[in-house]
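Next comes input_8.txt, with compact mmCIF, C-alpha atoms.
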# COMPACT_ATOMS: atom_id res chain seq x y z
CA MET G 260 -34.13 4.26 1.79
CA THR G 261 -36.60 5.62 -0.68
CA THR G 262 -36.02 3.11 -3.45
CA SER G 263 -36.18 -0.62 -3.52
CA ASP G 264 -33.06 -2.75 -3.34
CA THR G 265 -33.73 -4.26 -6.71
CA ARG G 266 -33.70 -1.02 -8.68
CA SER G 267 -31.24 -1.07 -11.56
CA PRO G 268 -28.06 0.90 -10.80
CA ASP G 269 -27.85 2.18 -14.41
CA GLY G 270 -26.70 5.77 -14.56
CA ASP G 271 -25.87 6.09 -10.86
CA ALA G 272 -22.52 7.58 -9.98
CA VAL G 273 -20.55 7.78 -6.74
CA GLU G 274 -17.58 10.03 -6.11
CA VAL G 275 -15.00 9.54 -3.40
CA ARG G 276 -12.07 11.83 -2.66
CA ILE G 277 -9.23 10.60 -0.50
CA PRO G 278 -5.85 12.04 0.47
CA ALA G 279 -3.28 10.85 -2.09
CA ASP G 280 -1.80 8.45 0.42
CA VAL G 281 -1.57 4.67 0.38
CA LEU G 282 -3.25 4.62 3.81
CA TYR G 283 -6.61 5.46 2.24
CA VAL G 284 -6.50 3.08 -0.70
CA SER G 285 -8.35 0.45 1.32
CA THR G 286 -11.30 2.86 1.53
CA LEU G 287 -11.44 2.87 -2.26
CA ARG G 288 -11.12 -0.91 -2.46
CA LEU G 289 -14.02 -1.37 -0.07
CA THR G 290 -16.11 1.20 -1.91
CA ALA G 291 -15.35 -0.51 -5.21
CA ALA G 292 -16.29 -3.92 -3.81
CA SER G 293 -19.52 -2.63 -2.32
CA LEU G 294 -20.55 -0.83 -5.51
CA ALA G 295 -19.54 -3.78 -7.69
CA ALA G 296 -21.90 -5.92 -5.65
CA ARG G 297 -24.58 -3.34 -6.39
CA CYS G 298 -23.85 -3.78 -10.12
CA ASP G 299 -24.35 -7.50 -9.77
CA LEU G 300 -20.78 -8.45 -10.67
CA THR G 301 -19.69 -11.94 -9.66
CA ILE G 302 -17.49 -12.61 -6.64
CA ASP G 303 -14.54 -13.26 -8.92
CA ASP G 304 -15.14 -10.02 -10.82
CA ILE G 305 -15.26 -8.13 -7.54
CA GLU G 306 -12.02 -9.68 -6.41
CA ASP G 307 -10.43 -8.70 -9.74
CA LEU G 308 -11.75 -5.17 -9.45
CA ARG G 309 -10.40 -4.72 -5.93
CA LEU G 310 -6.96 -5.70 -7.17
CA ALA G 311 -7.34 -3.49 -10.24
CA VAL G 312 -8.21 -0.47 -8.09
CA ASP G 313 -5.16 -1.26 -5.99
CA GLU G 314 -2.93 -1.36 -9.05
CA ALA G 315 -4.40 1.83 -10.50
CA CYS G 316 -3.67 3.63 -7.23
CA ALA G 317 -0.16 2.14 -7.15
CA LEU G 318 0.43 3.60 -10.61
CA LEU G 319 -1.03 7.03 -9.76
CA LEU G 320 0.27 7.74 -6.27
CA PRO G 321 3.96 8.18 -7.17
CA HIS G 322 2.90 11.05 -9.46
CA ALA G 323 0.57 12.85 -7.05
CA SER G 324 1.60 16.34 -6.00
CA ALA G 325 2.41 16.71 -2.31
CA GLY G 326 -0.66 17.16 -0.12
CA SER G 327 -3.05 16.55 -3.02
CA THR G 328 -6.03 14.23 -3.30
CA LEU G 329 -6.90 11.12 -5.25
CA ASP G 330 -10.34 11.38 -6.80
CA ALA G 331 -12.37 8.37 -7.73
CA ARG G 332 -15.56 8.39 -9.72
CA PHE G 333 -17.57 5.19 -9.94
CA GLU G 334 -20.12 4.87 -12.72
CA LEU G 335 -22.57 2.09 -12.15
CA ALA G 336 -24.47 0.01 -14.65
CA GLU G 337 -26.14 -3.36 -14.66
CA GLY G 338 -23.32 -5.92 -14.89
CA ARG G 339 -20.63 -3.27 -15.24
CA LEU G 340 -18.69 -0.82 -13.09
CA GLU G 341 -16.33 1.89 -14.29
CA VAL G 342 -13.84 3.41 -11.89
CA ALA G 343 -11.98 6.55 -12.92
CA THR G 344 -9.14 7.34 -10.51
CA SER G 345 -7.13 10.50 -10.93
CA VAL G 346 -4.46 12.60 -9.24
CA HIS G 347 -3.07 16.03 -9.87
CA THR G 348 0.45 15.81 -11.24
CA ASP G 349 3.08 18.44 -11.87
CA GLU G 350 3.67 17.90 -15.54
CA ASP G 351 2.54 15.52 -18.26
CA ALA G 352 3.15 12.49 -16.11
CA GLU G 353 2.54 8.99 -17.39
CA PRO G 354 2.04 5.81 -15.37
CA ASP G 355 4.96 3.39 -15.32
CA ARG G 356 4.15 0.78 -17.92
CA SER G 357 7.21 -1.38 -17.23
CA GLY G 358 6.21 -2.74 -13.82
CA PHE G 359 4.02 -5.57 -12.65
CA ALA G 360 1.29 -3.12 -11.64
CA TRP G 361 0.59 -2.25 -15.26
CA THR G 362 0.64 -5.88 -16.40
CA VAL G 363 -1.71 -6.94 -13.62
CA LEU G 364 -4.05 -4.02 -14.23
CA GLY G 365 -4.32 -4.92 -17.91
CA ALA G 366 -4.95 -8.57 -17.11
CA LEU G 367 -7.66 -7.90 -14.53
CA ALA G 368 -9.69 -5.08 -16.00
CA THR G 369 -12.04 -5.41 -18.95
CA THR G 370 -10.72 -2.11 -20.29
CA VAL G 371 -8.06 0.36 -19.12
CA GLU G 372 -7.69 3.92 -20.35
CA VAL G 373 -5.09 6.49 -19.42
CA SER G 374 -5.30 10.21 -20.00
CA ASN G 375 -3.58 13.34 -18.80
CA HIS G 376 -5.45 16.62 -19.20
CA ASP G 377 -3.69 19.70 -17.84
CA GLY G 378 -1.82 17.74 -15.23
CA GLN G 379 -4.81 15.64 -14.12
CA LEU G 380 -3.62 12.08 -14.65
CA THR G 381 -6.53 9.65 -14.91
CA ILE G 382 -6.68 5.88 -15.10
CA SER G 383 -10.12 4.56 -16.00
CA VAL G 384 -10.78 0.93 -15.29
CA THR G 385 -13.90 -0.92 -16.36
CA LYS G 386 -14.99 -4.28 -15.09
CA ALA G 387 -17.85 -5.96 -16.86
CA ARG G 388 -19.40 -9.18 -15.69
CA GLU G 389 -17.67 -12.01 -17.39
CA ALA G 390 -19.47 -14.67 -19.29
CA ALA G 391 -19.16 -18.14 -17.84
CA SER G 392 -15.67 -19.35 -18.66
CA THR G 393 -13.59 -22.42 -18.09
CA MET N 226 2.60 -0.43 -2.30
CA THR N 227 5.71 -1.39 -4.22
CA SER N 228 5.79 -1.64 -7.94
CA ALA N 229 8.30 -4.40 -8.51
CA HIS N 230 9.72 -4.59 -11.97
CA ARG N 231 8.96 -7.37 -14.30
CA PRO N 232 11.75 -8.89 -16.37
CA ASP N 233 13.52 -6.34 -18.57
CA ARG N 234 13.52 -6.53 -22.33
CA ASP N 235 16.42 -9.02 -22.55
CA GLU N 236 14.79 -11.33 -20.07
CA ARG N 237 11.47 -11.09 -21.84
CA ALA N 238 13.13 -11.95 -25.13
CA ALA N 239 14.78 -14.87 -23.39
CA ALA N 240 11.41 -16.00 -22.03
CA GLY N 241 9.98 -15.77 -25.55
CA ASP N 242 12.76 -17.96 -26.92
CA LEU N 243 12.36 -20.49 -24.15
CA LEU N 244 8.59 -20.68 -24.67
CA ALA N 245 8.98 -21.04 -28.43
CA GLU N 246 11.49 -23.85 -27.98
CA LEU N 247 9.38 -25.57 -25.32
CA HIS N 248 6.36 -25.73 -27.57
CA GLN N 249 8.28 -27.29 -30.43
CA LEU N 250 9.66 -30.11 -28.33
CA PRO N 251 7.91 -33.48 -28.31
CA GLU N 252 5.91 -34.31 -25.17
CA ASP N 253 8.49 -36.78 -23.84
CA SER N 254 11.61 -34.71 -24.41
CA PRO N 255 13.73 -34.47 -21.25
CA ARG N 256 14.65 -30.94 -22.24
CA ARG N 257 11.09 -29.77 -21.56
CA ARG N 258 11.69 -30.01 -17.86
CA ILE N 259 14.85 -27.89 -18.03
CA LEU N 260 13.12 -25.20 -20.08
CA ARG N 261 10.10 -25.21 -17.84
CA ASP N 262 12.26 -24.80 -14.74
CA GLN N 263 14.02 -21.83 -16.32
CA LEU N 264 10.70 -20.24 -17.22
CA VAL N 265 9.32 -20.78 -13.73
CA GLU N 266 12.39 -19.20 -12.21
CA LEU N 267 12.18 -16.25 -14.58
CA HIS N 268 8.57 -15.54 -13.67
CA MET N 269 8.56 -16.27 -9.95
CA PRO N 270 8.76 -12.55 -9.13
CA LEU N 271 5.36 -12.12 -10.81
CA VAL N 272 3.93 -14.96 -8.71
CA VAL N 273 5.33 -13.40 -5.52
CA TYR N 274 3.96 -10.01 -6.52
CA LEU N 275 0.48 -11.45 -7.06
CA ALA N 276 0.56 -13.61 -3.94
CA ARG N 277 1.44 -10.57 -1.87
CA ARG N 278 -1.81 -8.99 -3.02
CA PHE N 279 -3.64 -11.62 -1.00
CA SER N 280 -1.49 -11.59 2.11
CA GLY N 281 -3.06 -10.36 5.32
CA ARG N 282 -5.91 -12.80 4.93
CA ASN N 283 -4.81 -15.29 7.46
CA GLU N 284 -3.19 -17.43 4.84
CA PRO N 285 0.55 -18.16 4.92
CA MET N 286 2.44 -16.36 2.16
CA ASN N 287 4.33 -19.56 1.28
CA ASP N 288 1.09 -21.39 0.53
CA LEU N 289 -0.03 -18.60 -1.75
CA VAL N 290 3.28 -18.54 -3.61
CA GLN N 291 3.09 -22.29 -4.05
CA VAL N 292 -0.41 -22.34 -5.49
CA GLY N 293 0.52 -19.32 -7.61
CA ALA N 294 3.47 -21.30 -8.97
CA ILE N 295 1.06 -24.07 -10.00
CA GLY N 296 -0.85 -21.46 -11.98
CA LEU N 297 2.41 -20.31 -13.55
CA ILE N 298 3.28 -23.84 -14.64
CA LYS N 299 -0.19 -24.27 -16.16
CA ALA N 300 0.26 -20.99 -18.01
CA ILE N 301 3.66 -22.09 -19.33
CA ASP N 302 2.20 -25.35 -20.61
CA ARG N 303 -0.83 -23.73 -22.22
CA PHE N 304 0.78 -20.63 -23.66
CA ASP N 305 0.67 -20.46 -27.42
CA PRO N 306 3.74 -18.55 -28.68
CA GLU N 307 2.00 -18.06 -32.04
CA ARG N 308 -0.35 -15.56 -30.46
CA LYS N 309 1.23 -12.15 -30.21
CA LEU N 310 0.49 -11.80 -26.52
CA GLU N 311 3.05 -11.11 -23.86
CA PHE N 312 3.49 -14.09 -21.59
CA SER N 313 3.11 -12.18 -18.31
CA THR N 314 -0.23 -10.78 -19.47
CA TYR N 315 -1.34 -14.28 -20.34
CA ALA N 316 -0.05 -15.80 -17.11
CA THR N 317 -1.49 -13.24 -14.67
CA PRO N 318 -5.14 -14.41 -14.80
CA THR N 319 -4.06 -18.05 -14.64
CA ILE N 320 -1.92 -17.43 -11.56
CA LEU N 321 -4.64 -15.35 -9.91
CA GLY N 322 -7.19 -18.00 -10.79
CA GLU N 323 -5.17 -20.61 -8.98
CA ILE N 324 -4.79 -18.39 -5.90
CA LYS N 325 -8.51 -17.64 -5.88
CA ARG N 326 -9.34 -21.30 -6.24
CA HIS N 327 -7.13 -21.97 -3.24
CA PHE N 328 -9.12 -19.49 -1.16
CA ARG N 329 -12.34 -21.01 -2.40
CA ASP N 330 -11.23 -24.56 -1.60
CA THR N 331 -10.04 -23.62 1.85
CA GLY N 332 -13.22 -21.66 2.39
CA TRP N 333 -11.50 -18.34 2.83
CA LEU N 334 -12.50 -16.46 -0.27
CA ILE N 335 -13.85 -13.14 0.69
CA HIS N 336 -17.66 -12.83 0.71
CA VAL N 337 -18.24 -16.55 0.82
CA PRO N 338 -20.70 -17.13 3.65
CA ARG N 339 -18.77 -20.00 5.16
CA ARG N 340 -15.76 -17.79 5.59
CA ALA N 341 -17.85 -14.99 7.00
CA GLN N 342 -19.46 -17.33 9.48
CA GLU N 343 -16.19 -18.77 10.63
CA MET N 344 -14.81 -15.28 10.91
CA GLN N 345 -17.88 -14.21 12.86
CA THR N 346 -17.16 -16.68 15.61
CA THR N 347 -13.53 -15.60 15.86
CA LEU N 348 -14.47 -11.95 15.68
CA ASN N 349 -17.11 -12.19 18.38
CA ALA N 350 -14.72 -13.95 20.72
CA ALA N 351 -12.01 -11.33 20.09
CA ARG N 352 -14.51 -8.52 20.51
CA ALA N 353 -15.65 -9.88 23.88
CA ASP N 354 -12.10 -10.50 25.11
CA LEU N 355 -10.84 -7.09 24.08
CA SER N 356 -13.85 -5.29 25.54
CA GLN N 357 -13.08 -7.01 28.82
CA GLU N 358 -9.37 -6.17 28.69
CA LEU N 359 -9.75 -2.57 27.53
CA GLY N 360 -12.86 -1.62 29.43
CA ARG N 361 -14.32 -0.26 26.19
CA ALA N 362 -15.18 -1.57 22.76
CA PRO N 363 -12.07 -2.34 20.67
CA THR N 364 -11.10 -0.37 17.58
CA VAL N 365 -10.79 -2.02 14.17
CA PRO N 366 -6.95 -2.01 14.26
CA GLU N 367 -7.07 -3.63 17.72
CA LEU N 368 -9.40 -6.36 16.47
CA ALA N 369 -7.28 -6.87 13.36
CA ALA N 370 -4.12 -7.26 15.43
CA ARG N 371 -5.79 -9.72 17.82
CA ILE N 372 -7.10 -12.11 15.19
CA GLU N 373 -4.21 -11.49 12.80
CA ILE N 374 -6.07 -10.45 9.70
CA ASP N 375 -6.01 -7.08 7.99
CA GLU N 376 -8.30 -4.21 8.89
CA GLU N 377 -10.20 -4.44 5.64
CA ALA N 378 -11.21 -8.01 6.37
CA VAL N 379 -12.41 -6.96 9.83
CA LEU N 380 -14.55 -4.22 8.31
CA GLU N 381 -16.02 -6.71 5.89
CA ALA N 382 -16.74 -9.18 8.62
CA LEU N 383 -18.46 -6.46 10.65
CA ASP N 384 -20.53 -5.62 7.62
CA ALA N 385 -21.38 -9.27 7.11
CA ALA N 386 -22.38 -9.47 10.76
CA ARG N 387 -24.93 -6.72 10.18
CA ALA N 388 -26.29 -8.59 7.20
CA TYR N 389 -26.61 -11.71 9.29
CA SER N 390 -28.30 -10.37 12.35
CA GLY N 391 -30.15 -7.32 11.06
CA VAL N 392 -32.37 -5.62 13.58
CA PRO N 393 -32.82 -7.78 16.64
CA LEU N 394 -36.55 -8.41 16.52
CA ASP N 395 -36.52 -9.90 19.99
CA VAL N 396 -36.22 -6.39 21.35
CA LEU N 397 -39.75 -5.81 20.17
CA ALA N 398 -41.12 -8.98 21.67
CA ALA N 399 -43.35 -8.83 24.74
CA PRO N 400 -41.61 -9.57 28.05
CA GLY N 401 -41.35 -13.26 28.76
CA GLU N 402 -42.15 -14.19 25.19
CA THR N 403 -38.62 -15.00 24.09
CA VAL N 404 -35.15 -14.64 25.53
CA PRO N 405 -33.77 -11.28 24.46
CA GLU N 406 -30.70 -11.62 22.27
CA HIS N 407 -29.82 -7.99 22.03
CA PRO N 408 -26.46 -7.43 23.72
CA MET N 409 -27.82 -4.40 25.56
CA LEU N 410 -30.60 -6.40 27.18
CA GLY N 411 -30.00 -8.46 30.27
CA VAL N 412 -29.95 -12.22 30.20
CA LEU N 413 -29.71 -14.76 32.95
CA ASP N 414 -26.03 -15.18 33.85
CA GLU N 415 -24.88 -18.29 32.10
CA GLY N 416 -21.86 -18.61 34.36
CA TYR N 417 -23.35 -21.33 36.57
CA GLU N 418 -24.48 -23.41 33.68
CA GLN N 419 -21.13 -22.95 31.99
CA VAL N 420 -19.22 -24.35 34.95
CA GLU N 421 -21.30 -27.51 34.76
CA GLN N 422 -20.91 -27.67 31.01
CA ARG N 423 -17.17 -27.25 31.19
CA ALA N 424 -16.85 -30.20 33.52
CA LEU N 425 -19.02 -32.21 31.19
CA LEU N 426 -16.99 -31.04 28.17
CA ARG N 427 -13.77 -32.21 29.70
CA GLU N 428 -15.17 -35.73 29.90
CA VAL N 429 -16.47 -35.61 26.35
CA ILE N 430 -13.18 -34.30 24.96
CA ALA N 431 -11.25 -36.98 26.78
CA LYS N 432 -13.37 -39.63 25.08
CA LEU N 433 -12.75 -38.33 21.55
CA PRO N 434 -10.48 -40.31 19.23
CA GLU N 435 -6.89 -39.07 19.38
CA ALA N 436 -6.82 -37.51 15.88
CA GLU N 437 -10.08 -35.63 16.33
CA ARG N 438 -9.09 -34.38 19.77
CA GLU N 439 -5.76 -33.05 18.57
CA ILE N 440 -7.31 -31.26 15.61
CA LEU N 441 -10.14 -29.73 17.62
CA LEU N 442 -7.67 -28.42 20.19
CA LEU N 443 -5.51 -26.90 17.45
CA ARG N 444 -8.55 -25.41 15.80
CA PHE N 445 -10.39 -23.93 18.76
CA ILE N 446 -7.85 -23.62 21.54
CA ALA N 447 -4.74 -22.73 19.55
CA ASN N 448 -6.94 -20.93 16.99
CA LYS N 449 -5.06 -22.34 13.98
CA THR N 450 -6.57 -22.23 10.52
CA GLN N 451 -7.41 -25.52 8.83
CA THR N 452 -4.51 -25.02 6.44
CA GLU N 453 -2.10 -24.48 9.31
CA ILE N 454 -3.39 -27.58 11.07
CA ALA N 455 -3.00 -29.58 7.87
CA ALA N 456 0.65 -28.53 7.78
CA ILE N 457 1.22 -29.35 11.46
CA VAL N 458 -0.49 -32.73 11.45
CA GLY N 459 0.57 -33.68 7.94
CA VAL N 460 -2.80 -34.42 6.41
CA SER N 461 -4.77 -32.57 3.74
CA GLN N 462 -6.89 -29.54 4.57
CA MET N 463 -9.97 -31.49 3.43
CA GLN N 464 -9.14 -34.18 5.94
CA VAL N 465 -8.79 -31.54 8.69
CA SER N 466 -12.16 -30.14 7.70
CA ARG N 467 -13.74 -33.59 7.93
CA LEU N 468 -12.16 -34.33 11.30
CA VAL N 469 -13.27 -30.99 12.75
CA ALA N 470 -16.82 -31.62 11.57
CA ARG N 471 -16.84 -35.18 12.83
CA GLY N 472 -15.34 -34.23 16.20
CA LEU N 473 -17.85 -31.45 16.73
CA LYS N 474 -20.71 -33.72 15.76
CA ARG N 475 -19.53 -36.38 18.20
CA MET N 476 -19.25 -33.82 21.00
CA ARG N 477 -22.64 -32.37 20.23
CA GLU N 478 -24.17 -35.82 20.31
CA SER N 479 -22.54 -36.76 23.60
CA LEU N 480 -23.74 -33.52 25.14
CA GLY N 481 -27.20 -33.81 23.66
CA ALA N 482 -26.66 -30.23 22.60
CA PRO N 483 -28.97 -28.29 20.25
CA GLU N 484 -28.22 -27.27 16.67
CA PRO N 485 -25.00 -25.30 16.04
CA VAL N 486 -26.92 -22.17 15.03
CA ALA N 487 -28.57 -21.93 18.42
CA GLU N 488 -25.20 -22.45 20.05
CA GLN N 489 -23.61 -19.61 18.17
CA ARG N 490 -26.39 -17.22 18.96
CA ARG N 491 -26.15 -17.96 22.61
CA ARG N 492 -22.44 -17.31 22.64
CA LYS N 493 -23.01 -13.92 21.05
CA SER N 494 -25.23 -12.54 23.79

What's the structure tokens form of this structure?
Amino acid sequence: MTTSDTRSPDGDAVEVRIPADVLYVSTLRLTAASLAARCDLTIDDIEDLRLAVDEACALLLPHASAGSTLDARFELAEGRLEVATSVHTDEDAEPDRSGFAWTVLGALATTVEVSNHDGQLTISVTKAREAAST
Amino acid sequence: MTSAHRPDRDERAAAGDLLAELHQLPEDSPRRRILRDQLVELHMPLVVYLARRFSGRNEPMNDLVQVGAIGLIKAIDRFDPERKLEFSTYATPTILGEIKRHFRDTGWLIHVPRRAQEMQTTLNAARADLSQELGRAPTVPELAARIEIDEEAVLEALDAARAYSGVPLDVLAAPGETVPEHPMLGVLDEGYEQVEQRALLREVIAKLPEAEREILLLRFIANKTQTEIAAIVGVSQMQVSRLVARGLKRMRESLGAPEPVAEQRRRKS
């Protein structure tokens, strides 16, 4: 450790690449939770984010080419974590927006963005610390 | 990871109609109940889907579905059909909120120290038992299978354990200064003392009030969760929690034993 624990995480980024297989999704969930803690998100936010990462992977994995990887890029900021998960797909694939996974993702994340550039299907999820609510 | 399908367009339209009608009815209309039942039935798959997200955390699926259903009912009652929001999007956070509150109330929400501590005790016991049985340290899947939680929770608990103990400073202490707590360092065999204590314990347990004895046995011998015990005995989980605390306190007092923290540490070494 060369820096103090209290340093702001602004601008830090972490990348994780896993086999596009449901077996490794827990690695991403744990990474997300650990980084979210670093961003000072609340326990409830972290719980939401873990589920959101799960749902994003559930939406991406059916489209992943055989033997490919699922890439995750975490961008850290004070009170905010962005997770961009992406897989390589054969064609202009789109996530299934008719299932529960999509509904739940939308309800849990602060923002959700979907893009497909040249067969790289990406779901970006942001979780920002929520203001005190009822 | 299954992506179950939410109600199709017809069903969603039906849900919209039901919600619109429900919110126009007067508070005391008997038809409210019928509509609400239909709406609950229509959206139970969403509750089950969400509850399944939390399974594997030592909490019965049925309990989770039930508390989720409470969230669903709240969402149905509070939903404002005027707002152009889809009901399932509105209901999801409410249902999840109820499930999370359940974990919080039963002390099992992830990252809450109380849960981690409780887990620590279970984990340490399982770790010791398995090491004995296998002749080597157990793997994470082996630990998970033994204490019936998922691997992720085991990893978290291990992480929490590191946060709790940190570097064992006793290792650095001069000989004879303090009792070493590091597992790699030798300690006086506690076997002899334990035999005496066990005999003493038997007496103390026998003297406990019936209800406290039964609950302590279920908790620590049968290794049931407080929620499970509540279901078996037929009292609330809060009541179980109180009885466990009271029983332990009584035992500690009869034994003239030290603080619980010291007890836990000793068990670890």

Residues near N:Asp242, cut-off 12 Å, all atoms listed in the file, skip fewer than 2 positions along chain, as an NGL selection string: :N and (235-240 or 244-249 or 260-261 or 263-264 or 306-307 or 312)

Just to be explicit: take each residue in the selection above, keep C-alpha atoms, and write the result as a compact mmCIF listing (two decimals), in the frame of the given file.
# COMPACT_ATOMS: atom_id res chain seq x y z
CA ASP N 235 16.42 -9.02 -22.55
CA GLU N 236 14.79 -11.33 -20.07
CA ARG N 237 11.47 -11.09 -21.84
CA ALA N 238 13.13 -11.95 -25.13
CA ALA N 239 14.78 -14.87 -23.39
CA ALA N 240 11.41 -16.00 -22.03
CA LEU N 244 8.59 -20.68 -24.67
CA ALA N 245 8.98 -21.04 -28.43
CA GLU N 246 11.49 -23.85 -27.98
CA LEU N 247 9.38 -25.57 -25.32
CA HIS N 248 6.36 -25.73 -27.57
CA GLN N 249 8.28 -27.29 -30.43
CA LEU N 260 13.12 -25.20 -20.08
CA ARG N 261 10.10 -25.21 -17.84
CA GLN N 263 14.02 -21.83 -16.32
CA LEU N 264 10.70 -20.24 -17.22
CA PRO N 306 3.74 -18.55 -28.68
CA GLU N 307 2.00 -18.06 -32.04
CA PHE N 312 3.49 -14.09 -21.59

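Among the candidates G:Glu337, G:Leu282, G:Asp269, G:Thr381, the residue lying nearest to G:Thr301 is G:Glu337 (atoms considered: all atoms listed in the file).
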
Kindly provide the residues of chain G that approach chain N to within 12 Å, each paired with its closest atom pair and their distance in Å to one decimal, based on all atoms listed in the file, listed by chain and increasing number, as JSON lines.
{"residue": "G:Asp280", "atom": "CA", "partner": "N:Met226", "partner_atom": "CA", "distance": 10.3}
{"residue": "G:Val281", "atom": "CA", "partner": "N:Met226", "partner_atom": "CA", "distance": 7.1}
{"residue": "G:Leu282", "atom": "CA", "partner": "N:Met226", "partner_atom": "CA", "distance": 9.9}
{"residue": "G:Tyr283", "atom": "CA", "partner": "N:Glu377", "partner_atom": "CA", "distance": 11.1}
{"residue": "G:Val284", "atom": "CA", "partner": "N:Met226", "partner_atom": "CA", "distance": 9.9}
{"residue": "G:Ser285", "atom": "CA", "partner": "N:Glu377", "partner_atom": "CA", "distance": 6.8}
{"residue": "G:Thr286", "atom": "CA", "partner": "N:Glu377", "partner_atom": "CA", "distance": 8.4}
{"residue": "G:Leu287", "atom": "CA", "partner": "N:Glu377", "partner_atom": "CA", "distance": 10.8}
{"residue": "G:Arg288", "atom": "CA", "partner": "N:Glu377", "partner_atom": "CA", "distance": 8.9}
{"residue": "G:Leu289", "atom": "CA", "partner": "N:Glu377", "partner_atom": "CA", "distance": 7.5}
{"residue": "G:Thr290", "atom": "CA", "partner": "N:Glu381", "partner_atom": "CA", "distance": 11.1}
{"residue": "G:Ala292", "atom": "CA", "partner": "N:His336", "partner_atom": "CA", "distance": 10.1}
{"residue": "G:Ser293", "atom": "CA", "partner": "N:Glu381", "partner_atom": "CA", "distance": 9.8}
{"residue": "G:Ala296", "atom": "CA", "partner": "N:His336", "partner_atom": "CA", "distance": 10.3}
{"residue": "G:Thr301", "atom": "CA", "partner": "N:His336", "partner_atom": "CA", "distance": 10.6}
{"residue": "G:Ile302", "atom": "CA", "partner": "N:His336", "partner_atom": "CA", "distance": 7.4}
{"residue": "G:Asp303", "atom": "CA", "partner": "N:Lys325", "partner_atom": "CA", "distance": 8.0}
{"residue": "G:Asp304", "atom": "CA", "partner": "N:Lys325", "partner_atom": "CA", "distance": 11.2}
{"residue": "G:Ile305", "atom": "CA", "partner": "N:Ile335", "partner_atom": "CA", "distance": 9.7}
{"residue": "G:Glu306", "atom": "CA", "partner": "N:Ile335", "partner_atom": "CA", "distance": 8.1}
{"residue": "G:Asp307", "atom": "CA", "partner": "N:Leu321", "partner_atom": "CA", "distance": 8.8}
{"residue": "G:Arg309", "atom": "CA", "partner": "N:Arg278", "partner_atom": "CA", "distance": 10.0}
{"residue": "G:Leu310", "atom": "CA", "partner": "N:Arg278", "partner_atom": "CA", "distance": 7.4}
{"residue": "G:Ala311", "atom": "CA", "partner": "N:Arg278", "partner_atom": "CA", "distance": 10.6}
{"residue": "G:Val312", "atom": "CA", "partner": "N:Arg278", "partner_atom": "CA", "distance": 11.8}
{"residue": "G:Asp313", "atom": "CA", "partner": "N:Met226", "partner_atom": "CA", "distance": 8.6}
{"residue": "G:Glu314", "atom": "CA", "partner": "N:Met226", "partner_atom": "CA", "distance": 8.8}
{"residue": "G:Ala315", "atom": "CA", "partner": "N:Met226", "partner_atom": "CA", "distance": 11.0}
{"residue": "G:Cys316", "atom": "CA", "partner": "N:Met226", "partner_atom": "CA", "distance": 8.9}
{"residue": "G:Ala317", "atom": "CA", "partner": "N:Met226", "partner_atom": "CA", "distance": 6.1}
{"residue": "G:Leu318", "atom": "CA", "partner": "N:Ser228", "partner_atom": "CA", "distance": 8.0}
{"residue": "G:Leu319", "atom": "CA", "partner": "N:Met226", "partner_atom": "CA", "distance": 11.2}
{"residue": "G:Leu320", "atom": "CA", "partner": "N:Met226", "partner_atom": "CA", "distance": 9.4}
{"residue": "G:Pro321", "atom": "CA", "partner": "N:Met226", "partner_atom": "CA", "distance": 10.0}
{"residue": "G:Pro354", "atom": "CA", "partner": "N:Ser228", "partner_atom": "CA", "distance": 11.2}
{"residue": "G:Asp355", "atom": "CA", "partner": "N:Ser228", "partner_atom": "CA", "distance": 9.0}
{"residue": "G:Arg356", "atom": "CA", "partner": "N:His230", "partner_atom": "CA", "distance": 9.8}
{"residue": "G:Ser357", "atom": "CA", "partner": "N:His230", "partner_atom": "CA", "distance": 6.7}
{"residue": "G:Gly358", "atom": "CA", "partner": "N:His230", "partner_atom": "CA", "distance": 4.4}
{"residue": "G:Phe359", "atom": "CA", "partner": "N:Arg231", "partner_atom": "CA", "distance": 5.5}
{"residue": "G:Ala360", "atom": "CA", "partner": "N:Ser228", "partner_atom": "CA", "distance": 6.0}
{"residue": "G:Trp361", "atom": "CA", "partner": "N:Ser228", "partner_atom": "CA", "distance": 9.0}
{"residue": "G:Thr362", "atom": "CA", "partner": "N:Thr314", "partner_atom": "CA", "distance": 5.8}
{"residue": "G:Val363", "atom": "CA", "partner": "N:Thr317", "partner_atom": "CA", "distance": 6.4}
{"residue": "G:Leu364", "atom": "CA", "partner": "N:Thr314", "partner_atom": "CA", "distance": 9.4}
{"residue": "G:Gly365", "atom": "CA", "partner": "N:Thr314", "partner_atom": "CA", "distance": 7.3}
{"residue": "G:Ala366", "atom": "CA", "partner": "N:Thr314", "partner_atom": "CA", "distance": 5.7}
{"residue": "G:Leu367", "atom": "CA", "partner": "N:Pro318", "partner_atom": "CA", "distance": 7.0}
{"residue": "G:Ala368", "atom": "CA", "partner": "N:Pro318", "partner_atom": "CA", "distance": 10.4}
{"residue": "G:Ser392", "atom": "CA", "partner": "N:Gly322", "partner_atom": "CA", "distance": 11.6}
{"residue": "G:Thr393", "atom": "CA", "partner": "N:Gly322", "partner_atom": "CA", "distance": 10.7}

Exercise: N:Glu437 partners within 6 Å, all atoms listed in the file, chain neighbours under 2 positions left out, as a ChimeraX atom specification: /N:434-435,439-440,468,472

Interatomic distance (Å, one decimal) between atom CA of G:Leu300 and atom CA of N:Phe304: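 Separation between atom CA of G:Leu300 and atom CA of N:Phe304: 28.0 Å.
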
Residue nearest N:Phe328 among N:Leu442, N:Ala294, N:Leu289, N:Met344 (counting all atoms listed in the file):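 Closest candidate: N:Leu289.
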